[in-house]
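Pasting work13.pdb here (PDB, C-alpha atoms, pLDDT in the B column):
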ATOM      1  CA  GLN A   1       1.612 -23.504 -26.834  1.00 54.00           C
ATOM      2  CA  HIS A   2       2.379 -20.234 -25.053  1.00 60.00           C
ATOM      3  CA  THR A   3      -0.336 -17.896 -23.941  1.00 66.00           C
ATOM      4  CA  SER A   4       0.304 -14.186 -24.120  1.00 81.00           C
ATOM      5  CA  ILE A   5       0.906 -12.271 -20.931  1.00 84.00           C
ATOM      6  CA  HIS A   6      -0.989  -8.994 -20.903  1.00 86.00           C
ATOM      7  CA  ALA A   7       0.756  -7.365 -17.939  1.00 89.00           C
ATOM      8  CA  ILE A   8       3.114  -8.048 -15.079  1.00 92.00           C
ATOM      9  CA  VAL A   9       2.310  -6.588 -11.673  1.00 92.00           C
ATOM     10  CA  LEU A  10       5.187  -6.365  -9.262  1.00 92.00           C
ATOM     11  CA  LEU A  11       4.422  -5.809  -5.601  1.00 88.00           C
ATOM     12  CA  CYS A  12       7.502  -6.069  -3.468  1.00 87.00           C
ATOM     13  CA  GLY A  13       9.132  -4.463  -0.481  1.00 86.00           C
ATOM     14  CA  VAL A  14       6.729  -5.133   2.384  1.00 87.00           C
ATOM     15  CA  ASN A  15       8.899  -7.921   3.812  1.00 88.00           C
ATOM     16  CA  ASN A  16      11.993  -5.786   3.224  1.00 90.00           C
ATOM     17  CA  VAL A  17      10.514  -3.003   5.343  1.00 90.00           C
ATOM     18  CA  LEU A  18       9.778  -5.469   8.161  1.00 88.00           C
ATOM     19  CA  ASP A  19      13.146  -7.266   7.921  1.00 90.00           C
ATOM     20  CA  THR A  20      15.769  -5.374   9.916  1.00 88.00           C
ATOM     21  CA  ASN A  21      18.530  -7.094   7.913  1.00 91.00           C
ATOM     22  CA  SER A  22      17.251  -5.543   4.688  1.00 91.00           C
ATOM     23  CA  THR A  23      18.594  -2.135   3.742  1.00 92.00           C
ATOM     24  CA  SER A  24      17.382   0.312   1.130  1.00 91.00           C
ATOM     25  CA  THR A  25      20.593  -0.384  -0.834  1.00 93.00           C
ATOM     26  CA  SER A  26      20.049  -4.151  -0.849  1.00 94.00           C
ATOM     27  CA  PHE A  27      16.391  -3.594  -1.750  1.00 93.00           C
ATOM     28  CA  TYR A  28      17.450  -1.395  -4.676  1.00 95.00           C
ATOM     29  CA  SER A  29      19.783  -4.145  -5.896  1.00 95.00           C
ATOM     30  CA  ASP A  30      17.105  -6.839  -5.530  1.00 94.00           C
ATOM     31  CA  VAL A  31      14.445  -4.843  -7.405  1.00 94.00           C
ATOM     32  CA  HIS A  32      16.914  -3.854 -10.112  1.00 94.00           C
ATOM     33  CA  SER A  33      17.901  -7.506 -10.636  1.00 94.00           C
ATOM     34  CA  LEU A  34      14.274  -8.634 -10.661  1.00 93.00           C
ATOM     35  CA  ILE A  35      13.201  -6.067 -13.266  1.00 93.00           C
ATOM     36  CA  ARG A  36      16.304  -6.820 -15.362  1.00 91.00           C
ATOM     37  CA  SER A  37      15.480 -10.539 -15.343  1.00 92.00           C
ATOM     38  CA  ILE A  38      11.902  -9.803 -16.422  1.00 91.00           C
ATOM     39  CA  ARG A  39      12.988  -7.460 -19.206  1.00 87.00           C
ATOM     40  CA  SER A  40      15.727  -9.806 -20.447  1.00 88.00           C
ATOM     41  CA  ASN A  41      13.175 -12.540 -21.167  1.00 88.00           C
ATOM     42  CA  PRO A  42      12.236 -12.158 -24.870  1.00 86.00           C
ATOM     43  CA  ARG A  43       8.624 -13.151 -24.161  1.00 85.00           C
ATOM     44  CA  LEU A  44       8.325 -10.385 -21.552  1.00 85.00           C
ATOM     45  CA  SER A  45      10.373  -7.561 -23.064  1.00 82.00           C
ATOM     46  CA  HIS A  46       7.258  -5.833 -24.472  1.00 81.00           C
ATOM     47  CA  THR A  47       4.907  -6.714 -21.623  1.00 86.00           C
ATOM     48  CA  PRO A  48       3.638  -3.801 -19.520  1.00 89.00           C
ATOM     49  CA  LEU A  49       5.262  -3.840 -16.102  1.00 92.00           C
ATOM     50  CA  ILE A  50       3.313  -2.182 -13.302  1.00 92.00           C
ATOM     51  CA  VAL A  51       5.282  -1.755 -10.095  1.00 92.00           C
ATOM     52  CA  LEU A  52       3.068  -1.028  -7.106  1.00 90.00           C
ATOM     53  CA  GLY A  53       4.416   1.326  -4.492  1.00 88.00           C
ATOM     54  CA  LEU A  54       4.651   0.502  -0.822  1.00 87.00           C
ATOM     55  CA  PRO A  55       1.890   1.349   1.624  1.00 83.00           C
ATOM     56  CA  ASP A  56       2.522   3.983   4.269  1.00 84.00           C
ATOM     57  CA  PHE A  57       3.410   1.834   7.267  1.00 84.00           C
ATOM     58  CA  SER A  58       3.085   4.770   9.632  1.00 84.00           C
ATOM     59  CA  LYS A  59      -0.685   4.722   9.039  1.00 79.00           C
ATOM     60  CA  LEU A  60      -1.397   1.013   9.447  1.00 75.00           C
ATOM     61  CA  PRO A  61      -3.695   0.602  12.456  1.00 71.00           C
ATOM     62  CA  PHE A  62      -2.037  -2.484  13.953  1.00 75.00           C
ATOM     63  CA  LEU A  63       1.331  -0.772  14.452  1.00 77.00           C
ATOM     64  CA  PRO A  64       1.836   1.097  17.733  1.00 81.00           C
ATOM     65  CA  TRP A  65       3.996   4.196  17.992  1.00 85.00           C
ATOM     66  CA  PRO A  66       7.083   4.329  17.783  1.00 89.00           C
ATOM     67  CA  LEU A  67       7.135   1.157  15.642  1.00 89.00           C
ATOM     68  CA  ALA A  68       4.762   2.784  13.146  1.00 86.00           C
ATOM     69  CA  PHE A  69       7.104   5.775  12.886  1.00 91.00           C
ATOM     70  CA  VAL A  70      10.216   3.623  12.345  1.00 92.00           C
ATOM     71  CA  LEU A  71       8.564   1.333   9.787  1.00 91.00           C
ATOM     72  CA  GLY A  72       7.015   4.349   8.080  1.00 90.00           C
ATOM     73  CA  TYR A  73      10.495   5.835   7.698  1.00 93.00           C
ATOM     74  CA  ARG A  74      11.942   2.545   6.410  1.00 93.00           C
ATOM     75  CA  GLY A  75       9.026   2.206   3.997  1.00 92.00           C
ATOM     76  CA  ARG A  76       9.628   5.692   2.577  1.00 92.00           C
ATOM     77  CA  MET A  77      13.326   4.854   2.076  1.00 93.00           C
ATOM     78  CA  MET A  78      12.418   1.623   0.258  1.00 93.00           C
ATOM     79  CA  GLN A  79       9.818   3.498  -1.825  1.00 92.00           C
ATOM     80  CA  ARG A  80      12.492   5.965  -2.953  1.00 93.00           C
ATOM     81  CA  MET A  81      14.725   3.079  -4.039  1.00 94.00           C
ATOM     82  CA  LEU A  82      11.821   1.444  -5.880  1.00 93.00           C
ATOM     83  CA  GLU A  83      11.100   4.675  -7.751  1.00 93.00           C
ATOM     84  CA  LYS A  84      14.806   5.149  -8.503  1.00 94.00           C
ATOM     85  CA  VAL A  85      15.022   1.716 -10.142  1.00 93.00           C
ATOM     86  CA  VAL A  86      11.912   2.348 -12.235  1.00 92.00           C
ATOM     87  CA  ILE A  87      13.192   5.759 -13.374  1.00 92.00           C
ATOM     88  CA  GLU A  88      16.473   4.145 -14.470  1.00 92.00           C
ATOM     89  CA  VAL A  89      14.615   1.400 -16.344  1.00 89.00           C
ATOM     90  CA  GLN A  90      12.347   3.978 -18.009  1.00 88.00           C
ATOM     91  CA  ARG A  91      15.381   5.965 -19.177  1.00 88.00           C
ATOM     92  CA  GLU A  92      16.939   2.843 -20.657  1.00 85.00           C
ATOM     93  CA  GLU A  93      13.679   1.940 -22.399  1.00 83.00           C
ATOM     94  CA  GLU A  94      13.411   5.455 -23.830  1.00 84.00           C
ATOM     95  CA  GLU A  95      17.018   5.327 -25.027  1.00 84.00           C
ATOM     96  CA  GLU A  96      16.444   1.974 -26.741  1.00 79.00           C
ATOM     97  CA  GLU A  97      13.291   3.353 -28.332  1.00 78.00           C
ATOM     98  CA  ARG A  98      15.133   6.456 -29.612  1.00 80.00           C
ATOM     99  CA  GLU A  99      18.045   4.508 -30.974  1.00 79.00           C
ATOM    100  CA  GLY A 100      15.855   1.755 -32.390  1.00 71.00           C
ATOM    101  CA  SER A 101      18.849  -0.440 -31.746  1.00 56.00           C
ATOM    102  CA  SER A 102      16.841  -3.628 -31.981  1.00 53.00           C
ATOM    103  CA  ALA A 103      13.536  -4.839 -33.282  1.00 51.00           C
ATOM    104  CA  ALA A 104      12.637  -5.815 -29.727  1.00 48.00           C
ATOM    105  CA  SER A 105      12.760  -2.182 -28.640  1.00 46.00           C
ATOM    106  CA  LYS A 106      10.134  -1.077 -31.174  1.00 54.00           C
ATOM    107  CA  GLY A 107       6.780  -0.411 -29.569  1.00 52.00           C
ATOM    108  CA  ARG A 108       8.081  -1.190 -26.107  1.00 52.00           C
ATOM    109  CA  VAL A 109       5.591  -0.476 -23.363  1.00 55.00           C
ATOM    110  CA  LYS A 110       6.800   1.547 -20.406  1.00 82.00           C
ATOM    111  CA  THR A 111       7.538   0.305 -16.942  1.00 86.00           C
ATOM    112  CA  VAL A 112       5.633   2.381 -14.390  1.00 86.00           C
ATOM    113  CA  VAL A 113       5.254   2.802 -10.656  1.00 86.00           C
ATOM    114  CA  LYS A 114       1.694   3.125  -9.406  1.00 84.00           C
ATOM    115  CA  VAL A 115       1.590   4.773  -6.004  1.00 80.00           C
ATOM    116  CA  ILE A 116      -1.128   3.400  -3.750  1.00 77.00           C
ATOM    117  CA  PRO A 117      -3.035   6.417  -2.419  1.00 72.00           C
ATOM    118  CA  ASP A 118      -3.286   6.524   1.342  1.00 70.00           C
ATOM    119  CA  ILE A 119      -6.784   5.334   2.303  1.00 65.00           C
ATOM    120  CA  GLN A 120      -6.873   7.480   5.444  1.00 61.00           C
ATOM    121  CA  SER A 121      -6.172  10.598   3.411  1.00 61.00           C
ATOM    122  CA  VAL A 122      -8.878   9.670   0.923  1.00 59.00           C
ATOM    123  CA  LEU A 123     -11.377   8.906   3.674  1.00 60.00           C
ATOM    124  CA  GLY A 124     -10.432  12.118   5.436  1.00 54.00           C
ATOM    125  CA  THR A 125     -11.604  14.140   2.437  1.00 46.00           C
ATOM    126  CA  ILE A 126     -15.208  12.917   2.535  1.00 42.00           C
ATOM    127  CA  GLY A 127     -17.628  15.795   2.117  1.00 42.00           C
ATOM    128  CA  HIS A 128     -15.091  18.146   0.564  1.00 39.00           C
ATOM    129  CA  HIS A 129     -15.580  17.258  -3.089  1.00 41.00           C
ATOM    130  CA  ARG A 130     -17.912  18.621  -5.711  1.00 42.00           C
ATOM    131  CA  CYS A 131     -19.546  16.584  -8.432  1.00 44.00           C
ATOM    132  CA  ASN A 132     -19.161  18.164 -11.876  1.00 45.00           C
ATOM    133  CA  GLY A 133     -18.876  21.563 -10.162  1.00 48.00           C
ATOM    134  CA  ASP A 134     -22.322  21.267  -8.572  1.00 44.00           C
ATOM    135  CA  ASP A 135     -22.480  20.770  -4.787  1.00 41.00           C
ATOM    136  CA  THR A 136     -26.183  19.883  -4.898  1.00 37.00           C
ATOM    137  CA  THR A 137     -25.555  16.711  -6.908  1.00 33.00           C
ATOM    138  CA  LEU A 138     -23.128  15.278  -4.376  1.00 34.00           C
ATOM    139  CA  LYS A 139     -25.633  13.287  -2.364  1.00 36.00           C
ATOM    140  CA  MET A 140     -27.245  11.699  -5.420  1.00 31.00           C
ATOM    141  CA  LYS A 141     -24.252  10.997  -7.635  1.00 37.00           C
ATOM    142  CA  LEU A 142     -21.945   9.765  -4.858  1.00 43.00           C
ATOM    143  CA  CYS A 143     -18.966  11.073  -6.784  1.00 49.00           C
ATOM    144  CA  HIS A 144     -16.421  10.933  -3.989  1.00 50.00           C
ATOM    145  CA  PRO A 145     -12.988  10.204  -5.550  1.00 55.00           C
ATOM    146  CA  LEU A 146     -12.789   7.043  -3.478  1.00 55.00           C
ATOM    147  CA  LEU A 147     -15.608   5.512  -5.507  1.00 57.00           C
ATOM    148  CA  LYS A 148     -13.608   5.338  -8.714  1.00 62.00           C
ATOM    149  CA  TYR A 149     -11.369   2.839  -6.945  1.00 61.00           C
ATOM    150  CA  LEU A 150     -14.258   0.716  -5.671  1.00 67.00           C
ATOM    151  CA  GLY A 151     -15.257  -0.440  -9.096  1.00 60.00           C
ATOM    152  CA  GLY A 152     -18.819   0.824  -9.179  1.00 62.00           C
ATOM    153  CA  ILE A 153     -19.975  -0.976  -6.037  1.00 65.00           C
ATOM    154  CA  GLN A 154     -23.304   0.493  -5.012  1.00 68.00           C
ATOM    155  CA  LEU A 155     -22.709   2.455  -1.828  1.00 68.00           C
ATOM    156  CA  THR A 156     -24.989   4.852  -0.048  1.00 69.00           C
ATOM    157  CA  GLN A 157     -23.803   8.278   1.068  1.00 66.00           C
ATOM    158  CA  GLY A 158     -24.183   7.074   4.663  1.00 72.00           C
ATOM    159  CA  LYS A 159     -21.927   4.054   4.024  1.00 72.00           C
ATOM    160  CA  ILE A 160     -19.285   6.247   2.426  1.00 68.00           C
ATOM    161  CA  ALA A 161     -19.405   8.676   5.339  1.00 69.00           C
ATOM    162  CA  SER A 162     -18.983   5.835   7.858  1.00 74.00           C
ATOM    163  CA  MET A 163     -16.078   4.089   6.096  1.00 74.00           C
ATOM    164  CA  GLY A 164     -12.801   3.667   7.898  1.00 73.00           C
ATOM    165  CA  MET A 165      -9.554   1.754   7.603  1.00 73.00           C
ATOM    166  CA  ALA A 166     -11.251  -1.397   8.920  1.00 77.00           C
ATOM    167  CA  ASP A 167     -13.352  -1.522   5.733  1.00 79.00           C
ATOM    168  CA  PHE A 168     -10.166  -1.857   3.678  1.00 81.00           C
ATOM    169  CA  LEU A 169      -8.145  -4.256   5.819  1.00 82.00           C
ATOM    170  CA  CYS A 170      -8.571  -7.831   7.044  1.00 84.00           C
ATOM    171  CA  ASP A 171      -9.017  -8.535  10.732  1.00 84.00           C
ATOM    172  CA  ASP A 172      -5.225  -8.673  11.121  1.00 80.00           C
ATOM    173  CA  GLY A 173      -5.103  -4.941  10.270  1.00 75.00           C
ATOM    174  CA  PHE A 174      -2.399  -5.567   7.688  1.00 76.00           C
ATOM    175  CA  HIS A 175      -3.609  -7.491   4.636  1.00 82.00           C
ATOM    176  CA  PRO A 176      -6.175  -5.956   2.300  1.00 84.00           C
ATOM    177  CA  GLY A 177      -9.793  -6.844   2.946  1.00 83.00           C
ATOM    178  CA  ARG A 178     -12.758  -6.702   0.551  1.00 80.00           C
ATOM    179  CA  PHE A 179     -12.623  -3.019  -0.314  1.00 81.00           C
ATOM    180  CA  GLY A 180      -8.826  -3.030  -0.060  1.00 82.00           C
ATOM    181  CA  THR A 181      -8.440  -5.675  -2.760  1.00 83.00           C
ATOM    182  CA  ILE A 182     -10.983  -3.921  -4.983  1.00 81.00           C
ATOM    183  CA  TYR A 183      -9.174  -0.629  -4.393  1.00 80.00           C
ATOM    184  CA  VAL A 184      -5.750  -2.044  -5.331  1.00 83.00           C
ATOM    185  CA  GLY A 185      -7.207  -4.025  -8.246  1.00 84.00           C
ATOM    186  CA  ASN A 186      -8.693  -0.904  -9.739  1.00 80.00           C
ATOM    187  CA  LEU A 187      -5.435   0.976  -9.286  1.00 82.00           C
ATOM    188  CA  ILE A 188      -3.740  -1.783 -11.301  1.00 86.00           C
ATOM    189  CA  ARG A 189      -6.462  -1.568 -13.952  1.00 84.00           C
ATOM    190  CA  GLU A 190      -6.017   2.196 -14.124  1.00 83.00           C
ATOM    191  CA  ALA A 191      -2.246   1.844 -14.539  1.00 86.00           C
ATOM    192  CA  TYR A 192      -2.733  -0.757 -17.274  1.00 87.00           C
ATOM    193  CA  GLU A 193      -5.186   1.455 -19.149  1.00 85.00           C
ATOM    194  CA  ASP A 194      -2.751   4.374 -18.901  1.00 82.00           C
ATOM    195  CA  LEU A 195       0.040   2.222 -20.330  1.00 82.00           C
ATOM    196  CA  MET A 196      -2.136   0.999 -23.197  1.00 80.00           C
ATOM    197  CA  THR A 197      -3.089   4.525 -24.215  1.00 77.00           C
ATOM    198  CA  TYR A 198       0.472   5.906 -23.897  1.00 61.00           C
TER     199      TYR A 198
END
Could you take the file, read its structure, and then write that structure out as structure tokens?
Amino acid sequence: QHTSIHAIVLLCGVNNVLDTNSTSTSFYSDVHSLIRSIRSNPRLSHTPLIVLGLPDFSKLPFLPWPLAFVLGYRGRMMQRMLEKVVIEVQREEEEEEREGSSAASKGRVKTVVKVIPDIQSVLGTIGHHRCNGDDTTLKMKLCHPLLKYLGGIQLTQGKIASMGMADFLCDDGFHPGRFGTIYVGNLIREAYEDLMTY
């Protein structure tokens, strides 16, 4: 007996950025083939497909300059290819939906890219946000935009103010740590909810 699959999350490209033999063109071809194989499976043709974007390698703390610059550039090139594939798939899905060429196309859920917001940029905005238009409620409501991605974890204003990249990454400075996995998990949840209400 088959169980239903509620969503597919595709996170790819990190190894391609690090592999000097991988090009943005070959990455485009690989992602295109992967999404095609997912969508050609009758059990998965209606399943929401959430494609996570690549992190900004230029801002990862373990990478020294100029390596961070080079990998950041490669990552942006791969990200463009990833977005290009998804846009093409979305157009094809929309065309199938319009034409109603097959029963399988009816009610098809979109394929989307969910960009992972840069943690450093988010952390750099601490203290510059208002809560419901009222600056005086900031310290009590802890409404910093970052918190919506931390899944309601109880944090004090002091903890939020002292957060840095190390709170989101493992000791290796590369893989997501406790807050990093919660952050990405909630981004996936948000993308799924958006798809379900589309």
Using the file's own x, y and z axes, so that the box edges lie along x, y and z, what centre and edge lengths in Å (one decimal) does a box around every listed atom of region 77-96 of chain A get when 4 Å is added on each side? Give it as JSON.
{"center_x": 13.4, "center_y": 3.7, "center_z": -12.3, "size_x": 15.2, "size_y": 12.6, "size_z": 36.8}
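Here the question is which of A:Leu82, A:Ile5, A:Met77, A:Met163 gets nearest to Pro42 (chain A) using all atoms listed in the file, and that residue is A:Ile5.
The set of residues that the PyMOL selection byres ((chain A and resi 116) around 6) takes from this file is Gly53, Val115 and Pro117 of chain A.
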To one decimal in Å, tell me the separation between CA of Ser4 (chain A) and CA of Asn41 (chain A). 13.3 Å
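Closest approach to Met78 (chain A) from the set A:Val31, A:Leu60, A:Val9, A:Leu169 is made by A:Val31, with distances taken over all atoms listed in the file.
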Convert the output of the PyMOL selection byres ((chain A and resi 12-17) around 6) on the shown file into explicit residues, formatted as a ChimeraX atom specification. /A:11,18-19,22,74-75
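Pairwise distance (CA of Glu94 (chain A), CA of Thr23 (chain A)) equals 29.1 Å.
For the set A:Gly173, A:Arg36, A:Gln90, A:Gly158, the residue with the smallest atom-to-atom gap to Pro64 (chain A) is A:Gly173, counting all atoms listed in the file.
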Given the PyMOL selection byres ((chain A and resi 191) around 12), the residues it picks as a PyMOL selection string: chain A and resi 7-9+48-52+110-116+149+184-190+192-198
Go ahead and write the selection's residues with C-alpha atoms as a compact mmCIF listing (two decimals), in the frame of the given file.
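So selection_30.txt came out as:
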# COMPACT_ATOMS: atom_id res chain seq x y z
CA ALA A 7 0.76 -7.36 -17.94
CA ILE A 8 3.11 -8.05 -15.08
CA VAL A 9 2.31 -6.59 -11.67
CA PRO A 48 3.64 -3.80 -19.52
CA LEU A 49 5.26 -3.84 -16.10
CA ILE A 50 3.31 -2.18 -13.30
CA VAL A 51 5.28 -1.76 -10.10
CA LEU A 52 3.07 -1.03 -7.11
CA LYS A 110 6.80 1.55 -20.41
CA THR A 111 7.54 0.30 -16.94
CA VAL A 112 5.63 2.38 -14.39
CA VAL A 113 5.25 2.80 -10.66
CA LYS A 114 1.69 3.12 -9.41
CA VAL A 115 1.59 4.77 -6.00
CA ILE A 116 -1.13 3.40 -3.75
CA TYR A 149 -11.37 2.84 -6.94
CA VAL A 184 -5.75 -2.04 -5.33
CA GLY A 185 -7.21 -4.03 -8.25
CA ASN A 186 -8.69 -0.90 -9.74
CA LEU A 187 -5.44 0.98 -9.29
CA ILE A 188 -3.74 -1.78 -11.30
CA ARG A 189 -6.46 -1.57 -13.95
CA GLU A 190 -6.02 2.20 -14.12
CA TYR A 192 -2.73 -0.76 -17.27
CA GLU A 193 -5.19 1.46 -19.15
CA ASP A 194 -2.75 4.37 -18.90
CA LEU A 195 0.04 2.22 -20.33
CA MET A 196 -2.14 1.00 -23.20
CA THR A 197 -3.09 4.53 -24.22
CA TYR A 198 0.47 5.91 -23.90
